[in-house]
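S.K.: Pasting start-v1.txt below, which is compact mmCIF, C-alpha atoms and all ligand atoms.
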```txt
# COMPACT_ATOMS: atom_id res chain seq x y z
CA MET J 1 -10.16 83.23 43.93
CA THR J 2 -9.33 82.68 40.28
CA ASN J 3 -8.84 79.12 39.19
CA HIS J 4 -6.28 79.45 36.43
CA SER J 5 -6.14 75.79 35.56
CA PHE J 6 -9.74 75.92 34.53
CA PHE J 7 -8.83 78.23 31.66
CA GLY J 8 -6.98 75.40 29.96
CA GLY J 9 -10.16 73.36 29.75
CA LEU J 10 -12.18 76.14 28.17
CA ARG J 11 -9.53 77.77 26.00
CA SER J 12 -10.25 75.98 22.76
CA ARG J 13 -13.98 76.58 23.04
CA LEU J 14 -13.35 80.24 23.81
CA MET J 15 -11.12 80.63 20.78
CA ALA J 16 -13.93 79.32 18.62
CA LEU J 17 -16.41 81.65 20.30
CA ALA J 18 -14.17 84.69 19.95
CA PHE J 19 -14.76 85.13 16.22
CA THR J 20 -18.52 85.16 16.35
CA VAL J 21 -18.59 87.50 19.34
CA VAL J 22 -16.09 89.96 17.85
CA ALA J 23 -18.21 90.21 14.73
CA ALA J 24 -21.23 91.05 16.89
CA GLY J 25 -19.29 93.23 19.34
CA LEU J 26 -19.57 96.99 19.39
CA PRO J 27 -16.42 99.08 19.36
CA ALA J 28 -15.60 100.64 22.72
CA ALA J 29 -13.80 103.91 23.21
CA ASP J 30 -10.39 103.10 24.69
CA PRO J 31 -10.65 103.86 28.43
CA ALA J 32 -7.01 105.00 28.53
CA VAL J 33 -7.76 107.60 25.83
CA LEU J 34 -11.02 108.64 27.54
CA LEU J 35 -9.16 109.17 30.78
CA LYS J 36 -7.00 111.87 29.15
CA ASP J 37 -10.14 113.94 28.49
CA PRO J 38 -10.37 116.65 31.18
CA ALA J 39 -14.18 116.34 31.15
CA VAL J 40 -13.91 112.65 32.04
CA GLN J 41 -11.34 113.38 34.73
CA SER J 42 -13.66 115.88 36.33
CA LEU J 43 -16.51 113.32 36.32
CA LEU J 44 -14.29 110.90 38.21
CA GLU J 45 -13.39 113.68 40.64
CA VAL J 46 -17.09 114.33 41.30
CA VAL J 47 -17.60 110.63 42.05
CA ARG J 48 -14.83 110.82 44.62
CA ARG J 49 -16.23 114.00 46.13
CA ASN J 50 -19.69 112.42 46.37
CA GLU J 51 -18.40 109.30 48.15
CA PRO J 52 -19.47 110.44 51.66
CA ASP J 53 -23.05 110.71 50.32
CA THR J 54 -22.70 107.29 48.70
CA MET J 55 -21.63 105.84 52.06
CA ALA J 56 -24.56 107.54 53.81
CA LEU J 57 -26.88 106.04 51.20
CA LEU J 58 -25.26 102.64 51.78
CA VAL J 59 -26.17 102.85 55.48
CA ARG J 60 -29.72 103.95 54.69
CA LEU J 61 -30.32 101.15 52.17
CA THR J 62 -28.67 98.47 54.35
CA GLU J 63 -31.14 99.24 57.14
CA ILE J 64 -34.11 98.48 54.87
CA PRO J 65 -34.51 94.70 55.18
CA ALA J 66 -34.57 92.78 51.89
CA PRO J 67 -35.02 89.08 52.75
CA PRO J 68 -35.33 86.54 49.93
CA PHE J 69 -38.69 87.00 48.13
CA LYS J 70 -39.38 90.13 50.24
CA GLU J 71 -37.49 92.88 48.48
CA GLU J 72 -40.49 95.25 48.06
CA ALA J 73 -39.57 97.88 50.68
CA ARG J 74 -36.08 98.31 49.33
CA ALA J 75 -37.36 98.23 45.74
CA ALA J 76 -39.74 101.11 46.50
CA VAL J 77 -36.84 103.26 47.71
CA LEU J 78 -34.72 102.42 44.66
CA ARG J 79 -37.64 103.38 42.45
CA GLN J 80 -37.81 106.74 44.22
CA LEU J 81 -34.06 107.26 43.84
CA PHE J 82 -34.18 106.38 40.14
CA GLU J 83 -36.94 108.96 39.64
CA GLN J 84 -35.26 111.64 41.78
CA HIS J 85 -32.10 111.29 39.75
CA GLY J 86 -33.88 111.79 36.47
CA LEU J 87 -34.20 108.33 34.94
CA LYS J 88 -36.98 107.95 32.38
CA ASN J 89 -39.72 105.34 32.33
CA VAL J 90 -39.04 104.08 35.86
CA PHE J 91 -41.10 101.03 36.81
CA ILE J 92 -41.15 97.83 38.82
CA ASP J 93 -41.63 94.78 36.63
CA ARG J 94 -43.65 91.62 37.28
CA ALA J 95 -40.82 89.94 39.20
CA GLY J 96 -40.11 93.02 41.33
CA ASN J 97 -37.04 94.38 39.50
CA VAL J 98 -36.70 98.18 39.47
CA VAL J 99 -35.93 99.47 35.97
CA GLY J 100 -35.13 102.98 34.71
CA THR J 101 -33.64 104.33 31.49
CA ARG J 102 -31.09 107.04 30.77
CA PRO J 103 -31.62 107.52 27.05
CA GLY J 104 -28.64 108.26 24.84
CA ALA J 105 -28.69 109.90 21.42
CA GLN J 106 -29.54 106.41 20.14
CA PRO J 107 -31.46 103.52 21.69
CA ARG J 108 -28.58 101.11 20.99
CA PRO J 109 -26.27 99.98 22.25
CA ASN J 110 -28.33 99.58 25.40
CA VAL J 111 -26.06 98.75 28.34
CA VAL J 112 -27.72 97.48 31.50
CA VAL J 113 -25.93 98.20 34.76
CA SER J 114 -27.39 96.47 37.80
CA ALA J 115 -27.03 95.38 41.41
CA HIS J 116 -29.22 93.02 43.42
CA LEU J 117 -31.78 94.05 46.02
CA ASP J 118 -32.03 90.81 47.95
CA THR J 119 -29.88 89.59 50.81
CA VAL J 120 -29.65 86.03 52.15
CA PHE J 121 -30.94 87.07 55.58
CA PRO J 122 -34.41 86.06 56.78
CA GLU J 123 -37.07 88.43 58.06
CA GLY J 124 -36.38 89.71 61.55
CA THR J 125 -32.57 89.83 61.15
CA ASP J 126 -31.12 92.94 62.83
CA VAL J 127 -29.81 95.04 59.94
CA THR J 128 -28.73 98.06 61.99
CA VAL J 129 -25.35 99.29 60.74
CA LYS J 130 -22.66 99.27 63.45
CA HIS J 131 -19.31 101.03 63.27
CA ASP J 132 -16.28 98.96 64.16
CA GLY J 133 -13.20 101.12 63.61
CA SER J 134 -13.12 101.90 59.91
CA ARG J 135 -15.50 99.03 59.12
CA LEU J 136 -19.25 99.19 58.83
CA LYS J 137 -20.94 96.00 59.98
CA ALA J 138 -24.41 94.78 59.05
CA PRO J 139 -25.89 91.77 57.26
CA GLY J 140 -26.06 92.49 53.52
CA ILE J 141 -23.99 95.68 53.61
CA GLY J 142 -21.42 94.45 51.11
CA ASP J 143 -23.47 91.84 49.26
CA ASP J 144 -24.99 93.64 47.53
CA THR J 145 -26.22 96.85 49.12
CA ARG J 146 -22.92 98.52 48.29
CA GLY J 147 -23.66 97.68 44.62
CA LEU J 148 -27.01 99.52 44.87
CA ALA J 149 -25.35 102.59 46.42
CA GLU J 150 -22.80 102.51 43.63
CA LEU J 151 -25.54 102.42 40.98
CA ILE J 152 -26.93 105.64 42.40
CA SER J 153 -23.47 107.23 42.65
CA VAL J 154 -22.85 106.61 38.95
CA LEU J 155 -26.32 107.76 37.94
CA ARG J 156 -26.04 110.91 40.05
CA VAL J 157 -22.82 112.12 38.47
CA LEU J 158 -24.09 111.48 34.94
CA GLN J 159 -27.24 113.47 35.68
CA GLU J 160 -25.64 116.32 37.64
CA THR J 161 -23.07 116.91 34.92
CA LYS J 162 -25.63 116.35 32.14
CA THR J 163 -23.11 114.10 30.43
CA PRO J 164 -24.47 112.99 27.06
CA THR J 165 -23.93 109.47 25.73
CA THR J 166 -24.54 108.03 22.29
CA GLY J 167 -25.77 104.71 23.62
CA THR J 168 -28.46 104.18 26.23
CA ILE J 169 -27.84 103.08 29.83
CA THR J 170 -30.54 101.15 31.67
CA PHE J 171 -30.26 101.01 35.45
CA VAL J 172 -31.71 97.94 37.17
CA ALA J 173 -32.03 96.72 40.75
CA THR J 174 -32.80 93.00 40.57
CA VAL J 175 -34.66 90.64 42.90
CA GLY J 176 -33.87 86.99 43.57
CA GLU J 177 -30.12 86.79 42.99
CA GLU J 178 -29.38 84.80 46.13
CA GLY J 179 -29.97 81.12 46.90
CA LEU J 180 -33.43 79.84 46.14
CA GLY J 181 -34.24 83.20 44.50
CA ASP J 182 -32.59 81.30 41.66
CA LEU J 183 -31.90 84.41 39.54
CA ARG J 184 -35.63 84.93 39.09
CA GLY J 185 -35.18 88.70 38.69
CA VAL J 186 -32.62 88.56 35.94
CA LYS J 187 -34.51 85.72 34.22
CA GLU J 188 -37.65 87.86 34.08
CA LEU J 189 -35.59 90.84 32.86
CA PHE J 190 -34.16 88.97 29.87
CA ASP J 191 -37.15 86.74 29.10
CA HIS J 192 -39.82 89.46 29.29
CA THR J 193 -39.14 92.94 30.68
CA LEU J 194 -36.22 93.86 28.39
CA LYS J 195 -36.34 90.89 26.02
CA ASP J 196 -34.16 91.52 22.92
CA GLN J 197 -33.41 95.07 24.09
CA VAL J 198 -30.10 94.55 25.90
CA ASP J 199 -26.68 94.58 24.21
CA MET J 200 -24.48 94.29 27.30
CA PHE J 201 -25.02 93.54 30.98
CA ILE J 202 -22.89 94.67 33.91
CA SER J 203 -23.65 93.45 37.42
CA ILE J 204 -21.96 95.21 40.35
CA ASP J 205 -21.49 92.58 43.04
CA GLY J 206 -18.54 91.69 45.30
CA GLY J 207 -15.77 93.88 46.72
CA GLY J 208 -12.64 95.35 45.16
CA THR J 209 -12.14 96.74 41.68
CA GLY J 210 -9.60 94.47 40.00
CA THR J 211 -11.72 91.44 39.15
CA ILE J 212 -14.00 90.77 36.20
CA THR J 213 -16.33 87.78 36.42
CA ALA J 214 -16.51 86.60 32.82
CA PHE J 215 -17.24 82.95 33.60
CA GLY J 216 -20.52 82.05 35.21
CA VAL J 217 -20.42 78.98 37.45
CA GLY J 218 -23.65 77.14 36.78
CA SER J 219 -25.46 75.03 39.32
CA TYR J 220 -28.32 72.63 39.74
CA ARG J 221 -29.92 71.97 43.09
CA TYR J 222 -32.22 69.07 43.83
CA ARG J 223 -34.36 67.99 46.71
CA VAL J 224 -34.95 64.25 46.53
CA THR J 225 -37.62 62.70 48.77
CA PHE J 226 -37.75 58.91 49.22
CA LYS J 227 -41.14 57.63 50.30
CA GLY J 228 -42.40 54.29 51.59
CA PRO J 229 -45.30 52.91 53.63
CA GLY J 230 -43.54 53.14 57.03
CA GLY J 231 -44.26 50.90 60.02
CA HIS J 232 -43.07 49.41 63.33
CA SER J 233 -39.38 48.54 63.39
CA TYR J 234 -40.07 45.09 64.83
CA GLY J 235 -43.64 44.35 63.83
CA ALA J 236 -43.33 45.51 60.23
CA PHE J 237 -39.80 44.28 59.63
CA GLY J 238 -39.33 43.28 56.01
CA LEU J 239 -40.64 46.61 54.74
CA VAL J 240 -38.65 48.84 52.41
CA ASN J 241 -36.94 51.71 54.23
CA PRO J 242 -36.64 55.25 52.72
CA ILE J 243 -33.60 56.12 54.85
CA HIS J 244 -31.83 52.95 53.72
CA ALA J 245 -32.63 53.92 50.14
CA LEU J 246 -31.24 57.40 50.73
CA GLY J 247 -28.09 55.87 52.21
CA ARG J 248 -27.63 53.68 49.14
CA ALA J 249 -27.94 56.73 46.88
CA ALA J 250 -25.56 58.80 49.01
CA ALA J 251 -22.93 56.05 48.93
CA VAL J 252 -23.01 55.96 45.11
CA ILE J 253 -23.00 59.77 44.83
CA ALA J 254 -20.02 59.98 47.18
CA ASP J 255 -17.95 57.99 44.69
CA ILE J 256 -18.75 60.07 41.58
CA GLN J 257 -15.61 61.27 39.78
CA VAL J 258 -15.57 64.85 38.48
CA PRO J 259 -12.95 66.80 36.50
CA ALA J 260 -10.61 69.08 38.45
CA SER J 261 -10.57 71.42 35.45
CA PRO J 262 -12.97 73.00 34.75
CA LYS J 263 -13.69 72.72 38.48
CA THR J 264 -16.86 70.68 38.86
CA THR J 265 -18.34 69.88 42.26
CA PHE J 266 -21.19 68.07 43.99
CA ASN J 267 -22.44 68.05 47.55
CA ILE J 268 -25.24 66.49 49.58
CA GLY J 269 -25.78 69.44 51.88
CA ARG J 270 -28.75 68.42 54.02
CA ILE J 271 -30.60 65.21 54.85
CA GLY J 272 -33.60 64.49 57.01
CA GLY J 273 -36.45 62.08 57.67
CA GLY J 274 -37.85 59.49 60.01
CA THR J 275 -40.02 59.86 63.08
CA SER J 276 -38.45 57.69 65.81
CA VAL J 277 -35.74 55.12 66.35
CA ASN J 278 -38.28 52.27 66.49
CA SER J 279 -40.20 53.21 63.33
CA ILE J 280 -39.44 52.27 59.77
CA PRO J 281 -39.66 55.79 58.29
CA PHE J 282 -42.21 56.73 55.66
CA GLU J 283 -39.97 59.50 54.33
CA ALA J 284 -36.35 60.63 53.95
CA TRP J 285 -35.02 63.56 51.96
CA MET J 286 -31.73 65.06 50.83
CA GLU J 287 -30.65 68.30 49.18
CA ILE J 288 -27.89 68.15 46.58
CA ASP J 289 -25.93 70.96 44.94
CA MET J 290 -23.69 70.59 41.86
CA ARG J 291 -21.63 73.24 40.09
CA SER J 292 -19.41 73.85 37.10
CA PRO J 293 -18.61 76.73 34.74
CA ASP J 294 -18.95 74.24 31.85
CA PRO J 295 -22.35 72.78 30.87
CA VAL J 296 -20.88 69.43 29.75
CA PRO J 297 -19.42 68.18 33.06
CA LEU J 298 -22.30 69.86 34.90
CA GLY J 299 -24.78 67.82 32.86
CA ALA J 300 -22.71 64.69 33.37
CA VAL J 301 -22.63 64.96 37.16
CA ARG J 302 -26.37 65.61 37.19
CA GLU J 303 -27.03 62.47 35.14
CA GLN J 304 -24.92 60.36 37.50
CA ILE J 305 -26.67 61.73 40.57
CA LEU J 306 -30.13 61.09 39.13
CA ALA J 307 -29.05 57.60 38.07
CA ALA J 308 -27.78 56.94 41.60
CA VAL J 309 -31.22 57.79 42.98
CA ASP J 310 -32.86 55.42 40.51
CA THR J 311 -30.47 52.60 41.28
CA ALA J 312 -30.93 53.09 45.02
CA VAL J 313 -34.73 52.84 44.72
CA LYS J 314 -34.48 49.62 42.69
CA ALA J 315 -31.91 48.09 45.05
CA GLU J 316 -33.97 48.87 48.15
CA ASN J 317 -37.12 47.47 46.54
CA ALA J 318 -35.26 44.32 45.48
CA ARG J 319 -33.88 43.83 48.99
CA TRP J 320 -37.20 43.56 50.87
CA PRO J 321 -40.37 41.59 50.21
CA LYS J 322 -42.87 44.23 51.39
CA GLY J 323 -43.74 47.73 50.16
CA ALA J 324 -42.15 49.91 47.48
CA ILE J 325 -40.00 53.01 47.66
CA THR J 326 -40.60 55.91 45.30
CA ALA J 327 -38.37 58.92 44.83
CA ASP J 328 -39.75 62.38 44.24
CA VAL J 329 -37.03 64.38 42.46
CA GLN J 330 -37.51 68.13 42.60
CA LEU J 331 -35.28 70.68 40.84
CA VAL J 332 -35.05 73.58 43.31
CA GLY J 333 -32.21 75.53 41.73
CA ASP J 334 -31.18 76.05 38.11
CA ARG J 335 -28.43 78.57 37.37
CA PRO J 336 -27.10 78.13 33.87
CA PRO J 337 -23.33 78.19 33.35
CA GLY J 338 -21.97 80.61 30.77
CA GLN J 339 -19.07 82.77 29.71
CA THR J 340 -18.33 86.04 27.99
CA SER J 341 -15.40 85.94 25.60
CA ALA J 342 -12.27 87.92 26.41
CA ASP J 343 -12.55 89.43 22.92
CA THR J 344 -15.89 91.17 23.46
CA ALA J 345 -16.01 94.95 23.71
CA LEU J 346 -17.34 94.48 27.23
CA VAL J 347 -14.47 92.39 28.64
CA GLN J 348 -11.91 94.38 26.67
CA GLY J 349 -13.41 97.60 28.01
CA ALA J 350 -13.52 96.35 31.60
CA GLN J 351 -9.88 95.24 31.42
CA GLY J 352 -8.91 98.57 29.85
CA VAL J 353 -10.65 100.49 32.64
CA ILE J 354 -8.82 98.57 35.37
CA ARG J 355 -5.47 99.13 33.66
CA ALA J 356 -6.18 102.81 32.96
CA LEU J 357 -6.99 103.35 36.63
CA GLY J 358 -3.78 101.64 37.74
CA GLY J 359 -4.89 98.09 38.49
CA VAL J 360 -4.19 94.63 37.10
CA PRO J 361 -7.33 92.93 35.78
CA VAL J 362 -8.06 89.38 36.92
CA ILE J 363 -10.70 87.31 35.12
CA ARG J 364 -12.55 84.91 37.36
CA ALA J 365 -15.46 82.51 37.63
CA SER J 366 -18.40 83.03 39.96
CA SER J 367 -22.15 82.57 40.16
CA THR J 368 -23.98 85.90 39.73
CA ASP J 369 -26.82 87.62 37.89
CA ALA J 370 -24.52 87.69 34.82
CA ASN J 371 -24.93 83.90 34.42
CA TYR J 372 -28.28 84.23 32.72
CA PRO J 373 -27.43 86.74 29.96
CA MET J 374 -24.18 84.79 29.41
CA LYS J 375 -26.27 81.71 28.72
CA LEU J 376 -28.35 83.71 26.22
CA GLY J 377 -25.16 84.83 24.42
CA ILE J 378 -25.47 88.44 25.58
CA PRO J 379 -22.08 89.82 26.72
CA ALA J 380 -22.29 90.04 30.51
CA ILE J 381 -19.82 90.48 33.35
CA THR J 382 -19.80 91.13 37.07
CA VAL J 383 -17.50 93.80 38.46
CA GLY J 384 -16.51 94.88 41.97
CA THR J 385 -18.04 97.51 44.22
CA GLY J 386 -14.74 99.01 45.40
CA GLY J 387 -13.71 98.90 49.05
CA ILE J 388 -13.29 95.69 51.04
CA SER J 389 -16.22 93.33 51.54
CA ARG J 390 -15.81 90.68 54.22
CA ASP J 391 -17.85 87.74 55.53
CA ALA J 392 -20.68 87.96 53.00
CA HIS J 393 -23.69 85.74 53.90
CA SER J 394 -22.72 85.80 57.60
CA LEU J 395 -24.08 87.92 60.44
CA ASP J 396 -20.55 89.37 60.78
CA GLU J 397 -20.68 90.84 57.28
CA SER J 398 -18.74 94.09 56.96
CA TYR J 399 -17.73 96.71 54.42
CA GLU J 400 -14.58 98.78 54.79
CA PRO J 401 -14.58 101.83 52.53
CA VAL J 402 -10.87 101.75 51.63
CA ASP J 403 -10.63 103.82 48.41
CA SER J 404 -14.27 102.88 47.95
CA TRP J 405 -14.87 105.66 45.39
CA LYS J 406 -12.79 103.61 42.98
CA GLY J 407 -15.78 101.26 42.57
CA PRO J 408 -18.12 103.84 41.01
CA GLN J 409 -15.18 105.40 39.15
CA HIS J 410 -14.46 102.10 37.42
CA THR J 411 -18.12 101.51 36.58
CA LEU J 412 -18.56 105.04 35.27
CA LEU J 413 -15.50 104.89 33.04
CA LEU J 414 -16.63 101.52 31.70
CA LEU J 415 -20.12 102.83 30.91
CA LEU J 416 -18.66 105.85 29.14
CA SER J 417 -16.31 103.71 27.09
CA LEU J 418 -19.22 101.50 25.99
CA THR J 419 -21.77 104.21 25.22
CA ARG J 420 -19.81 107.26 24.09
ZN ZN O 1 -24.30 89.17 45.62
```
Translate the structure of the given file into structure tokens.
M.R.:
Amino acid sequence: MTNHSFFGGLRSRLMALAFTVVAAGLPAADPAVLLKDPAVQSLLEVVRRNEPDTMALLVRLTEIPAPPFKEEARAAVLRQLFEQHGLKNVFIDRAGNVVGTRPGAQPRPNVVVSAHLDTVFPEGTDVTVKHDGSRLKAPGIGDDTRGLAELISVLRVLQETKTPTTGTITFVATVGEEGLGDLRGVKELFDHTLKDQVDMFISIDGGGTGTITAFGVGSYRYRVTFKGPGGHSYGAFGLVNPIHALGRAAAVIADIQVPASPKTTFNIGRIGGGTSVNSIPFEAWMEIDMRSPDPVPLGAVREQILAAVDTAVKAENARWPKGAITADVQLVGDRPPGQTSADTALVQGAQGVIRALGGVPVIRASSTDANYPMKLGIPAITVGTGGISRDAHSLDESYEPVDSWKGPQHTLLLLLSLTR
């Protein structure tokens, strides 16, 4: 999954960033040293022992539907769980995020650990969990219901063992991570709910335990609608045609050149319009997605796409004597790109945890809730849930709990190293 070549493109910028972030970074307890502490070892043992309960909770949560923009039922249960497990000041914010605090001896550093409530599946999808050998199958089970179950596993062991921390840990279940949810939960969290109160952000999302998402792939999504008067294909011939205009734009977009490193992409994913073969359409639309972990090429590809739309409108209007095409350009997705420096306490700590627990850390780029705090300059990463997640976003989605307790063990050790 990791695109190594893309490091080359960002290295110099990262080097420059490293100094400022180190100065602001908070020292972490070395996870390898922590792991030698018998008290910490016994916490990790409890996590492992609790794993059957964590899996049972995973099944329970998976079977509560959480379609995009309809996460309330699942949020209500998370709120209950947060309260049952002793979090303070538990509430649901304006966007629908569930928030609860585990105060440390000091309010700072405040580390947020979170997973997302929403799935990509529409209302009415069968979310019954089915057993298929050692796999559990259900839409949303891995992405990101397993992350929610892991949040509770970590919280439970901290509470049951009354483990004190110096720093504060805030547990959050976010809304709107997927698709057109457009990170609305995490945006609300950092712009309002916990504005200026968060020092580090950890999102649990995606399988395994060896990867750290420290680069946020940003994206813009547009829906462009070309409009004209429309008319009979024979009788009104000579009129501007919105589908022809769309075709002109698509042809120019198809030839846009983008850098291979950092990987920058564009795609016209859907088109539509027209009413019949013998009508000049009054409307045609297309949906375009563009992505990059670097804001510069991302901005450049956006400019070229918007210019292509403009040029297409002018060309179509110049071609025909009658009518005029207009283009309605609507931004329907805006995920900022970002990165967290390898020299921050957070990335250092996460790498140290993976090594201490016997793995080899891999830094990668992805698009997750961590994108938004990264953009704000708040150290943020996304870590794995443990186990094996397959076929996310498909009806065949499954989760196989191979050494799944390692997920919460990693997250717990990381939280301890950051807040001890
Ligand atoms: Zn996810």
S.K.: Could you check which of J:Ala254, J:Ile141, J:Ala380, J:Val186 is closest to J:Gly216, using only C-alpha atoms?
M.R.: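 Between J:Ala254, J:Ile141, J:Ala380, J:Val186, the residue approaching J:Gly216 most closely is J:Ala380.
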S.K.: What is the atom CA of J:Ile388 to atom CA of J:Ala75 distance in Å?
M.R.: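 If I compute the distance from atom CA of J:Ile388 to atom CA of J:Ala75, I get 24.8 Å.
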S.K.: If we count all atoms listed in the file, what is near J:Thr125 at a cut-off of 10 Å, once residues fewer than 2 positions away on the same chain are taken out, given as a compact mmCIF listing (two decimals) with C-alpha atoms, in the frame of the given file?
M.R.:
```txt
# COMPACT_ATOMS: atom_id res chain seq x y z
CA PRO J 65 -34.51 94.70 55.18
CA ALA J 66 -34.57 92.78 51.89
CA PRO J 67 -35.02 89.08 52.75
CA PHE J 121 -30.94 87.07 55.58
CA PRO J 122 -34.41 86.06 56.78
CA GLU J 123 -37.07 88.43 58.06
CA VAL J 127 -29.81 95.04 59.94
CA THR J 128 -28.73 98.06 61.99
CA ALA J 138 -24.41 94.78 59.05
CA PRO J 139 -25.89 91.77 57.26
CA LEU J 395 -24.08 87.92 60.44
```
S.K.: In Å to one decimal, how far is atom CA of J:Lys88 from atom CA of J:Arg102?
M.R.: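 So the answer is 6.2 Å.
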S.K.: Could you list, as a ChimeraX atom specification, every residue within 9 Å of J:Val332, counting only C-alpha atoms and ignoring same-chain residues fewer than 3 positions away?
M.R.: /J:180,182,220-223
S.K.: Could you list, as a PDB file with C-alpha atoms, in the coordinates of the input, all residues that come within 12 Å of ligand ZN 1 (chain O)? Count all atoms listed in the file.
M.R.:
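Written output follows (selection04.pdb):
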```pdb
ATOM      1  CA  SER J 114     -27.390  96.470  37.800  1.00  0.00           C
ATOM      2  CA  ALA J 115     -27.030  95.380  41.410  1.00  0.00           C
ATOM      3  CA  HIS J 116     -29.220  93.020  43.420  1.00  0.00           C
ATOM      4  CA  LEU J 117     -31.780  94.050  46.020  1.00  0.00           C
ATOM      5  CA  ASP J 118     -32.030  90.810  47.950  1.00  0.00           C
ATOM      6  CA  THR J 119     -29.880  89.590  50.810  1.00  0.00           C
ATOM      7  CA  VAL J 120     -29.650  86.030  52.150  1.00  0.00           C
ATOM      8  CA  GLY J 140     -26.060  92.490  53.520  1.00  0.00           C
ATOM      9  CA  ILE J 141     -23.990  95.680  53.610  1.00  0.00           C
ATOM     10  CA  GLY J 142     -21.420  94.450  51.110  1.00  0.00           C
ATOM     11  CA  ASP J 143     -23.470  91.840  49.260  1.00  0.00           C
ATOM     12  CA  ASP J 144     -24.990  93.640  47.530  1.00  0.00           C
ATOM     13  CA  THR J 145     -26.220  96.850  49.120  1.00  0.00           C
ATOM     14  CA  ARG J 146     -22.920  98.520  48.290  1.00  0.00           C
ATOM     15  CA  GLY J 147     -23.660  97.680  44.620  1.00  0.00           C
ATOM     16  CA  LEU J 148     -27.010  99.520  44.870  1.00  0.00           C
ATOM     17  CA  ALA J 173     -32.030  96.720  40.750  1.00  0.00           C
ATOM     18  CA  THR J 174     -32.800  93.000  40.570  1.00  0.00           C
ATOM     19  CA  VAL J 175     -34.660  90.640  42.900  1.00  0.00           C
ATOM     20  CA  GLY J 176     -33.870  86.990  43.570  1.00  0.00           C
ATOM     21  CA  GLU J 177     -30.120  86.790  42.990  1.00  0.00           C
ATOM     22  CA  GLU J 178     -29.380  84.800  46.130  1.00  0.00           C
ATOM     23  CA  GLY J 179     -29.970  81.120  46.900  1.00  0.00           C
ATOM     24  CA  GLY J 181     -34.240  83.200  44.500  1.00  0.00           C
ATOM     25  CA  LEU J 183     -31.900  84.410  39.540  1.00  0.00           C
ATOM     26  CA  SER J 203     -23.650  93.450  37.420  1.00  0.00           C
ATOM     27  CA  ILE J 204     -21.960  95.210  40.350  1.00  0.00           C
ATOM     28  CA  ASP J 205     -21.490  92.580  43.040  1.00  0.00           C
ATOM     29  CA  GLY J 206     -18.540  91.690  45.300  1.00  0.00           C
ATOM     30  CA  GLY J 207     -15.770  93.880  46.720  1.00  0.00           C
ATOM     31  CA  SER J 366     -18.400  83.030  39.960  1.00  0.00           C
ATOM     32  CA  SER J 367     -22.150  82.570  40.160  1.00  0.00           C
ATOM     33  CA  THR J 368     -23.980  85.900  39.730  1.00  0.00           C
ATOM     34  CA  ASP J 369     -26.820  87.620  37.890  1.00  0.00           C
ATOM     35  CA  ALA J 370     -24.520  87.690  34.820  1.00  0.00           C
ATOM     36  CA  THR J 382     -19.800  91.130  37.070  1.00  0.00           C
ATOM     37  CA  VAL J 383     -17.500  93.800  38.460  1.00  0.00           C
ATOM     38  CA  GLY J 384     -16.510  94.880  41.970  1.00  0.00           C
ATOM     39  CA  THR J 385     -18.040  97.510  44.220  1.00  0.00           C
ATOM     40  CA  SER J 389     -16.220  93.330  51.540  1.00  0.00           C
ATOM     41  CA  ASP J 391     -17.850  87.740  55.530  1.00  0.00           C
ATOM     42  CA  ALA J 392     -20.680  87.960  53.000  1.00  0.00           C
ATOM     43  CA  HIS J 393     -23.690  85.740  53.900  1.00  0.00           C
TER      44      HIS J 393
END
```
S.K.: Report, in Å to a single decimal, how far apart atom CA of J:Thr163 and atom CA of J:Leu43 are.
M.R.: 8.9 Å
S.K.: Which residue gives the smallest distance to J:Pro401 among J:Phe91, J:Ile253, J:Arg48, J:Glu303, with all atoms listed in the file counted?
M.R.: J:Arg48
S.K.: Take the point (-42.9, 52.4, 66.6) in the file's coordinates, draw a sphere of radius 12 Å around it, and report as a PyMOL selection string every protein, DNA or RNA residue with an atom inside or on it, counting only C-alpha atoms.
M.R.: chain J and resi 230-237+274-282
S.K.: Can you write just those residues out, C-alpha atoms, as an mmCIF file, in the frame of the given file?
M.R.:
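Saved result, out_2.cif, follows:
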```cif
data_model
loop_
_atom_site.group_PDB
_atom_site.id
_atom_site.type_symbol
_atom_site.label_atom_id
_atom_site.label_comp_id
_atom_site.auth_asym_id
_atom_site.auth_seq_id
_atom_site.Cartn_x
_atom_site.Cartn_y
_atom_site.Cartn_z
ATOM 1 C CA GLY J 230 -43.540 53.140 57.030
ATOM 2 C CA GLY J 231 -44.260 50.900 60.020
ATOM 3 C CA HIS J 232 -43.070 49.410 63.330
ATOM 4 C CA SER J 233 -39.380 48.540 63.390
ATOM 5 C CA TYR J 234 -40.070 45.090 64.830
ATOM 6 C CA GLY J 235 -43.640 44.350 63.830
ATOM 7 C CA ALA J 236 -43.330 45.510 60.230
ATOM 8 C CA PHE J 237 -39.800 44.280 59.630
ATOM 9 C CA GLY J 274 -37.850 59.490 60.010
ATOM 10 C CA THR J 275 -40.020 59.860 63.080
ATOM 11 C CA SER J 276 -38.450 57.690 65.810
ATOM 12 C CA VAL J 277 -35.740 55.120 66.350
ATOM 13 C CA ASN J 278 -38.280 52.270 66.490
ATOM 14 C CA SER J 279 -40.200 53.210 63.330
ATOM 15 C CA ILE J 280 -39.440 52.270 59.770
ATOM 16 C CA PRO J 281 -39.660 55.790 58.290
ATOM 17 C CA PHE J 282 -42.210 56.730 55.660
#
```
S.K.: Between J:Val329, J:Val90, J:Val360, J:Met200, which one has atoms that come closest to J:Leu376, using all atoms listed in the file?
M.R.: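 Selected residue with least distance to J:Leu376: J:Met200.
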S.K.: Which residue, J:Leu346, J:Val154, J:Ala251, J:Ile271, has the smallest gap to J:Leu44 when you use only C-alpha atoms?
M.R.: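 Checking each candidate against J:Leu44, we get J:Val154 as the closest.
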